[in-house]
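J.: protein-v9.txt (compact mmCIF, C-alpha atoms) pasted underneath:
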# COMPACT_ATOMS: atom_id res chain seq x y z
CA MET A 1 55.94 159.19 58.99
CA LEU A 2 53.15 156.64 58.77
CA THR A 3 50.99 156.26 61.86
CA CYS A 4 51.06 152.63 62.96
CA ASP A 5 51.23 152.46 66.74
CA HIS A 6 48.05 150.65 67.83
CA PRO A 7 48.66 148.91 71.19
CA VAL A 8 47.22 145.42 71.13
CA PRO A 9 46.47 144.07 74.62
CA PRO A 10 46.49 140.27 74.77
CA ASP A 11 43.06 138.73 75.22
CA ARG A 12 43.20 136.02 77.85
CA TYR A 13 41.01 132.94 77.70
CA ASP A 14 39.66 130.41 80.15
CA GLN A 15 41.91 127.34 80.34
CA ARG A 16 38.85 125.10 80.08
CA VAL A 17 38.55 125.93 76.37
CA GLU A 18 42.18 125.12 75.51
CA GLU A 19 41.48 121.86 73.67
CA HIS A 20 38.74 123.52 71.63
CA LEU A 21 41.15 126.35 70.77
CA ARG A 22 43.77 123.80 69.67
CA SER A 23 41.28 122.11 67.36
CA THR A 24 40.77 125.42 65.51
CA ASP A 25 44.55 125.91 64.98
CA PHE A 26 44.39 129.29 66.72
CA TYR A 27 46.01 128.03 69.91
CA HIS A 28 49.58 129.10 69.10
CA VAL A 29 48.72 132.62 67.96
CA ALA A 30 46.55 132.99 71.07
CA GLN A 31 49.73 132.71 73.16
CA ILE A 32 51.25 135.90 71.73
CA GLY A 33 51.49 138.78 74.16
CA VAL A 34 52.03 142.48 73.51
CA VAL A 35 54.84 143.17 71.03
CA GLN A 36 55.25 146.93 71.10
CA CYS A 37 55.41 148.56 67.66
CA GLN A 38 58.66 150.26 66.54
CA LYS A 39 57.11 152.64 64.02
CA ALA A 40 60.40 154.05 62.70
CA LEU A 41 61.47 150.54 61.67
CA VAL A 42 58.06 149.92 60.06
CA ASN A 43 58.40 153.16 58.09
CA ALA A 44 61.93 152.26 56.97
CA LEU A 45 60.69 148.89 55.72
CA VAL A 46 57.79 150.49 53.85
CA GLU A 47 60.26 152.79 52.08
CA ARG A 48 62.12 149.70 50.86
CA TRP A 49 58.96 147.95 49.64
CA HIS A 50 58.47 147.88 45.87
CA PRO A 51 54.82 147.23 44.95
CA GLU A 52 55.81 146.16 41.42
CA THR A 53 57.68 143.11 42.72
CA HIS A 54 56.10 142.81 46.19
CA THR A 55 59.57 142.62 47.76
CA PHE A 56 61.84 144.68 49.96
CA HIS A 57 64.81 146.01 47.98
CA LEU A 58 67.95 145.91 50.12
CA PRO A 59 71.63 146.32 49.18
CA VAL A 60 72.11 142.54 49.52
CA GLY A 61 69.12 141.60 47.36
CA GLU A 62 65.33 141.33 47.32
CA CYS A 63 63.40 139.65 50.12
CA ALA A 64 59.88 139.32 51.49
CA VAL A 65 57.91 137.80 54.35
CA THR A 66 57.06 134.19 53.46
CA LEU A 67 54.64 131.48 54.55
CA GLU A 68 57.48 129.90 56.52
CA ASP A 69 57.80 133.14 58.50
CA VAL A 70 54.06 133.13 59.26
CA ALA A 71 54.19 129.52 60.49
CA MET A 72 57.19 130.14 62.75
CA ILE A 73 56.46 133.66 64.01
CA PHE A 74 52.69 133.34 64.47
CA GLY A 75 52.19 129.55 64.58
CA LEU A 76 49.38 129.75 62.02
CA PRO A 77 48.53 127.01 59.49
CA THR A 78 49.62 127.84 55.94
CA ASP A 79 47.95 124.94 54.18
CA GLY A 80 44.26 124.31 53.69
CA LEU A 81 41.14 125.95 52.29
CA PRO A 82 41.31 129.57 51.09
CA VAL A 83 39.99 132.23 53.46
CA THR A 84 37.48 133.79 51.12
CA GLY A 85 33.79 134.50 50.69
CA MET A 86 31.25 137.24 50.08
CA THR A 87 31.61 140.64 51.75
CA LEU A 88 28.20 142.20 52.44
CA SER A 89 27.81 145.61 54.03
CA SER A 90 24.24 145.66 55.34
CA PHE A 91 23.71 145.79 59.08
CA GLU A 92 20.78 143.39 58.79
CA THR A 93 23.06 140.67 57.39
CA LEU A 94 25.61 141.30 60.16
CA GLU A 95 22.84 141.10 62.75
CA ALA A 96 21.48 137.85 61.34
CA GLU A 97 24.93 136.21 61.32
CA CYS A 98 25.60 137.20 64.93
CA LEU A 99 22.21 135.93 66.05
CA ASN A 100 22.86 132.65 64.27
CA GLN A 101 26.29 132.08 65.83
CA PHE A 102 26.23 133.96 69.14
CA GLY A 103 22.51 133.94 69.93
CA VAL A 104 22.74 137.71 70.39
CA ALA A 105 23.58 140.61 68.08
CA PRO A 106 25.21 144.00 68.66
CA LEU A 107 23.29 147.24 68.38
CA LYS A 108 24.05 149.50 65.46
CA SER A 109 25.91 151.80 67.86
CA GLN A 110 28.17 148.85 68.78
CA CYS A 111 29.36 148.52 65.19
CA ARG A 112 31.54 150.58 62.88
CA GLY A 113 30.12 150.15 59.40
CA SER A 114 30.64 146.45 58.66
CA GLY A 115 32.85 146.01 61.71
CA ILE A 116 31.87 144.71 65.14
CA ARG A 117 33.45 146.66 67.97
CA LEU A 118 36.02 144.62 69.87
CA THR A 119 34.58 145.87 73.16
CA TRP A 120 31.26 144.19 72.34
CA LEU A 121 32.99 140.87 71.64
CA ARG A 122 35.02 141.11 74.84
CA ASP A 123 31.91 141.85 76.89
CA LEU A 124 30.05 138.93 75.32
CA LYS A 125 32.95 136.57 75.97
CA GLU A 126 33.22 137.61 79.62
CA ARG A 127 29.49 137.12 80.22
CA LEU A 128 29.40 133.56 78.91
CA TYR A 129 29.00 130.63 81.30
CA LEU A 130 30.95 127.64 80.02
CA SER A 131 28.28 125.16 80.95
CA ASP A 132 27.89 123.19 77.72
CA GLU A 133 29.43 122.57 74.31
CA ASN A 134 27.52 125.41 72.63
CA SER A 135 28.65 128.07 75.13
CA ILE A 136 32.26 126.87 74.84
CA GLN A 137 32.15 127.12 71.04
CA VAL A 138 30.65 130.63 71.21
CA TYR A 139 33.40 131.62 73.66
CA VAL A 140 36.14 130.32 71.34
CA LYS A 141 34.57 132.05 68.32
CA CYS A 142 34.58 135.35 70.23
CA HIS A 143 38.23 134.83 71.09
CA ILE A 144 39.13 134.04 67.48
CA MET A 145 37.33 137.17 66.27
CA LEU A 146 39.35 139.19 68.79
CA LEU A 147 42.58 137.66 67.47
CA ILE A 148 41.51 138.43 63.91
CA GLY A 149 40.64 142.02 64.82
CA THR A 150 43.92 142.71 66.63
CA ILE A 151 46.96 140.63 65.72
CA LEU A 152 45.99 139.13 62.35
CA PHE A 153 43.72 141.45 60.35
CA GLY A 154 43.59 144.60 62.44
CA ASP A 155 42.36 147.79 60.79
CA LYS A 156 43.71 151.31 61.21
CA THR A 157 41.42 152.07 64.16
CA GLY A 158 42.31 148.97 66.14
CA ALA A 159 38.77 149.10 67.51
CA SER A 160 36.68 146.72 65.40
CA VAL A 161 36.75 143.56 63.30
CA HIS A 162 34.93 143.02 60.01
CA TRP A 163 32.06 140.57 60.36
CA LYS A 164 32.95 138.91 57.02
CA PHE A 165 35.09 136.38 58.92
CA LEU A 166 32.13 135.08 60.92
CA PRO A 167 30.70 132.76 58.24
CA LEU A 168 34.03 130.90 58.18
CA LEU A 169 33.52 130.10 61.88
CA SER A 170 29.97 128.79 61.56
CA ASP A 171 31.04 125.13 61.29
CA PHE A 172 33.24 124.79 64.36
CA SER A 173 34.85 121.55 63.18
CA SER A 174 35.98 123.22 59.92
CA ILE A 175 37.71 126.31 61.38
CA GLY A 176 41.09 124.59 61.46
CA GLN A 177 40.81 123.53 57.82
CA TYR A 178 41.42 127.05 56.52
CA SER A 179 44.80 128.49 55.57
CA TRP A 180 44.67 131.39 58.02
CA GLY A 181 48.41 131.93 57.73
CA SER A 182 48.37 132.59 53.99
CA ALA A 183 45.40 134.97 54.39
CA CYS A 184 47.30 136.86 57.09
CA LEU A 185 50.35 137.11 54.82
CA ALA A 186 48.21 138.34 51.92
CA HIS A 187 46.76 141.00 54.21
CA LEU A 188 50.27 142.15 55.13
CA TYR A 189 51.22 142.38 51.44
CA ARG A 190 48.15 144.48 50.71
CA SER A 191 48.89 146.74 53.69
CA LEU A 192 52.47 147.28 52.48
CA TYR A 193 51.22 148.00 48.96
CA ARG A 194 48.81 150.64 50.22
CA ALA A 195 51.33 152.15 52.64
CA SER A 196 53.90 152.58 49.85
CA ARG A 197 51.64 155.12 48.11
CA TYR A 198 52.70 158.73 48.59
CA ASP A 199 49.31 159.86 49.91
CA CYS A 200 48.97 157.14 52.56
CA LYS A 201 49.13 158.35 56.18
CA GLU A 202 48.52 155.14 58.12
CA ILE A 203 49.35 151.46 57.88
CA ASP A 204 47.32 148.58 59.28
CA GLY A 205 47.65 144.80 59.14
CA PRO A 206 49.78 142.29 61.09
CA LEU A 207 52.62 144.64 62.03
CA THR A 208 53.79 142.24 64.73
CA LEU A 209 54.55 139.76 61.95
CA LEU A 210 56.45 142.41 59.97
CA LEU A 211 58.53 143.55 62.94
CA CYS A 212 59.40 140.06 64.14
CA TRP A 213 60.35 139.09 60.59
CA ALA A 214 62.75 142.04 60.47
CA TRP A 215 64.25 141.18 63.86
CA MET A 216 64.68 137.53 62.87
CA ARG A 217 66.20 138.27 59.47
CA LEU A 218 68.28 141.29 60.53
CA PRO A 219 69.55 140.43 64.01
CA TYR A 220 71.99 143.38 64.02
CA LEU A 221 68.90 145.64 64.03
CA SER A 222 66.98 143.66 66.63
CA LEU A 223 66.62 143.78 70.36
CA VAL A 224 68.01 141.06 72.58
CA PRO A 225 65.19 138.46 72.72
CA ARG A 226 63.52 138.39 76.11
CA GLU A 227 62.22 134.84 75.68
CA PRO A 228 64.39 133.11 73.07
CA HIS A 229 63.01 129.62 73.81
CA SER A 230 59.29 130.30 73.47
CA PHE A 231 56.82 129.59 70.69
CA PRO A 232 55.40 131.25 68.64
CA LEU A 233 58.64 133.06 67.90
CA ALA A 234 56.87 136.43 68.14
CA ASN A 235 57.04 136.00 71.91
CA ARG A 236 60.80 136.45 71.79
CA TRP A 237 60.08 140.17 71.92
CA ARG A 238 57.01 140.22 74.13
CA ASN A 239 57.01 143.37 76.30
CA TRP A 240 60.49 144.29 75.04
CA GLU A 241 59.97 147.98 75.84
CA HIS A 242 60.03 147.23 79.58
CA ARG A 243 63.74 146.50 79.36
CA ASP A 244 64.90 148.50 76.33
CA ARG A 245 62.74 151.60 76.25
CA VAL A 246 65.41 153.60 74.36
CA TYR A 247 64.94 151.32 71.31
CA ARG A 248 61.34 152.43 71.04
CA TYR A 249 62.44 156.01 70.33
CA LEU A 250 65.05 155.31 67.64
CA ARG A 251 64.33 157.56 64.66
CA LEU A 252 63.70 156.80 61.02
CA ALA A 253 67.13 158.14 60.06
CA HIS A 254 68.75 155.43 62.20
CA PHE A 255 67.07 152.59 60.30
CA ARG A 256 67.50 154.25 56.91
CA LYS A 257 71.24 154.41 57.49
CA ALA A 258 71.31 150.81 58.71
CA PHE A 259 69.60 149.63 55.51
CA ASP A 260 71.83 151.78 53.30
CA TYR A 261 74.97 150.19 54.74
CA LEU A 262 73.63 146.64 54.97
CA GLU A 263 76.38 144.13 54.16
CA GLU A 264 76.37 140.55 52.92
CA GLY A 265 75.96 138.20 55.85
CA GLN A 266 73.90 140.62 57.95
CA PHE A 267 70.67 139.39 56.38
CA LEU A 268 69.87 135.79 57.38
CA TRP A 269 68.40 133.88 54.46
CA THR A 270 68.16 130.62 56.48
CA VAL A 271 66.99 132.10 59.74
CA TYR A 272 65.15 129.01 61.04
CA SER A 273 68.06 126.59 60.85
CA VAL A 274 68.78 124.39 63.88
CA ASP A 275 71.71 126.55 65.00
CA ARG A 276 69.44 129.62 65.23
CA VAL A 277 66.10 128.27 66.48
CA ASP A 278 65.77 125.64 69.19
CA PRO A 279 64.06 122.75 67.35
CA ASP A 280 62.56 121.41 70.58
CA ILE A 281 60.19 124.37 70.92
CA ILE A 282 58.70 124.07 67.41
CA PRO A 283 55.60 121.82 67.33
CA ALA A 284 55.71 119.08 64.70
CA ASP A 285 52.65 120.41 62.89
CA MET A 286 54.28 123.82 62.53
CA TYR A 287 57.36 122.25 60.95
CA MET A 288 55.03 120.72 58.36
CA HIS A 289 53.39 124.06 57.64
CA ALA A 290 56.79 125.76 57.43
CA VAL A 291 57.90 123.26 54.78
Written as structure tokens, how would this file's structure read?
T.:
Amino acid sequence: MLTCDHPVPPDRYDQRVEEHLRSTDFYHVAQIGVVQCQKALVNALVERWHPETHTFHLPVGECAVTLEDVAMIFGLPTDGLPVTGMTLSSFETLEAECLNQFGVAPLKSQCRGSGIRLTWLRDLKERLYLSDENSIQVYVKCHIMLLIGTILFGDKTGASVHWKFLPLLSDFSSIGQYSWGSACLAHLYRSLYRASRYDCKEIDGPLTLLLCWAWMRLPYLSLVPREPHSFPLANRWRNWEHRDRVYRYLRLAHFRKAFDYLEEGQFLWTVYSVDRVDPDIIPADMYMHAV
């Protein structure tokens, strides 16, 4: 069994920064609460993943998580500039970038290699006084880095975030111009590829996206949505374990059998049609990104 159960507590933000958060296109994903991991289901999906085709092989056909899924489940933009750049490993470069953007830098003990500890970012965010435009932008950047390090690009430790994303936040007005959704999806594909290797013991990446995709596409395997009329659609299963704790302890054999006996019609190829998702809760810009 792959280890993949990293609890991700939601990071709250001050309501005074909401408009700034909207301008970065991270507002919707910032609304996602805790979606408890069902590691047996994750393991069953990994077993069905074929790295040669980058698809899940099921009895009814081949399928994969798409950009439409990212837009609907996470509310992230899927169009725009590529999320790319240089990846440097020196602490001095990390320190200089933090000083430039935050006005303060972490100590070496507050980092993990090229990663900044999430606790340092949380402490910095909580200490900020939102007195001017600069402090508000620093606050929002801290919050975005926390989202990147937990829900979107989390590593196997769940304790730090790589500083390589910081340069993409330097121009505050340009943050929303990047295709964060496609980068998140690419990260999931890479995580599945690595996890499908026989010697892999852990899986990282946006597992909330993977689980919610499975529950949307395979409703006979899903829980009853707690909040079916909320957006992003990931929040349908926010805190699901509080009501259906037994589901959390279903074993791998249960999901293997379910996939083995999957029948035509049990997999929803058009899951976001009007009869399945309330169109009134989907923001217009997300419809555009889904298309």
J.: Residues near range 163-173 of chain A, anyone? I mean within 9 Å using only C-alpha atoms, not counting same-chain ones fewer than 3 positions away, as a CSV table (one decimal) with C-alpha atoms, in the frame of the given file.
T.:
chain,number,residue,atom,x,y,z
A,23,SER,CA,41.3,122.1,67.4
A,24,THR,CA,40.8,125.4,65.5
A,83,VAL,CA,40.0,132.2,53.5
A,84,THR,CA,37.5,133.8,51.1
A,85,GLY,CA,33.8,134.5,50.7
A,86,MET,CA,31.2,137.2,50.1
A,87,THR,CA,31.6,140.6,51.8
A,88,LEU,CA,28.2,142.2,52.4
A,89,SER,CA,27.8,145.6,54.0
A,94,LEU,CA,25.6,141.3,60.2
A,97,GLU,CA,24.9,136.2,61.3
A,98,CYS,CA,25.6,137.2,64.9
A,100,ASN,CA,22.9,132.6,64.3
A,101,GLN,CA,26.3,132.1,65.8
A,114,SER,CA,30.6,146.4,58.7
A,115,GLY,CA,32.8,146.0,61.7
A,116,ILE,CA,31.9,144.7,65.1
A,137,GLN,CA,32.2,127.1,71.0
A,141,LYS,CA,34.6,132.0,68.3
A,144,ILE,CA,39.1,134.0,67.5
A,145,MET,CA,37.3,137.2,66.3
A,148,ILE,CA,41.5,138.4,63.9
A,176,GLY,CA,41.1,124.6,61.5
A,177,GLN,CA,40.8,123.5,57.8
A,178,TYR,CA,41.4,127.0,56.5
J.: Using only C-alpha atoms for the distances, tell me which of A:Gly33, A:Gly75, A:Pro51, A:Gly80 is nearest to Tyr189 in chain A.
T.: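 With only C-alpha atoms as the atom set, the closest residue is A:Pro51.
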J.: May I ask for the distance between CA of Ala40 in chain A and CA of Lys156 in chain A, given in Å to one decimal place?
T.: 17.0 Å
J.: Restricting the calculation to all atoms listed in the file, which member of A:Val140, A:Leu218, A:Ala105, A:Ala253 is positioned closest to Thr270 in chain A?
T.: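 The closest residue to Thr270 in chain A is A:Leu218.
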J.: To one decimal place in Å, what is the distance between CA of Pro283 in chain A and CA of Phe231 in chain A?
T.: 8.6 Å
J.: Find the residue from A:Thr3, A:Gln31, A:Ser230, A:Ser196 that sits nearest to His50 in chain A; use only C-alpha atoms when measuring.
T.: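 The shortest atom-to-atom distance to His50 in chain A comes from A:Ser196.
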J.: Calculate how many Å separate CA of Pro219 in chain A from CA of Leu262 in chain A, rounding to one decimal.
T.: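 Between CA of Pro219 in chain A and CA of Leu262 in chain A the gap is 11.7 Å.
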J.: Counting all atoms listed in the file, which of A:Val34, A:Leu121, A:Leu252, A:Leu147 gets nearest to Glu47 in chain A?
T.: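 Checking each of A:Val34, A:Leu121, A:Leu252, A:Leu147 against Glu47 in chain A, counting all atoms listed in the file, the winner is A:Leu252.
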J.: Compare A:Ala96, A:Asp204, A:Leu211, A:Asn134 by their minimum atom-to-atom distance to His20 in chain A, counting only C-alpha atoms, and give me the closest one.
T.: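 Using only C-alpha atoms, His20 in chain A sits closest to A:Asn134.
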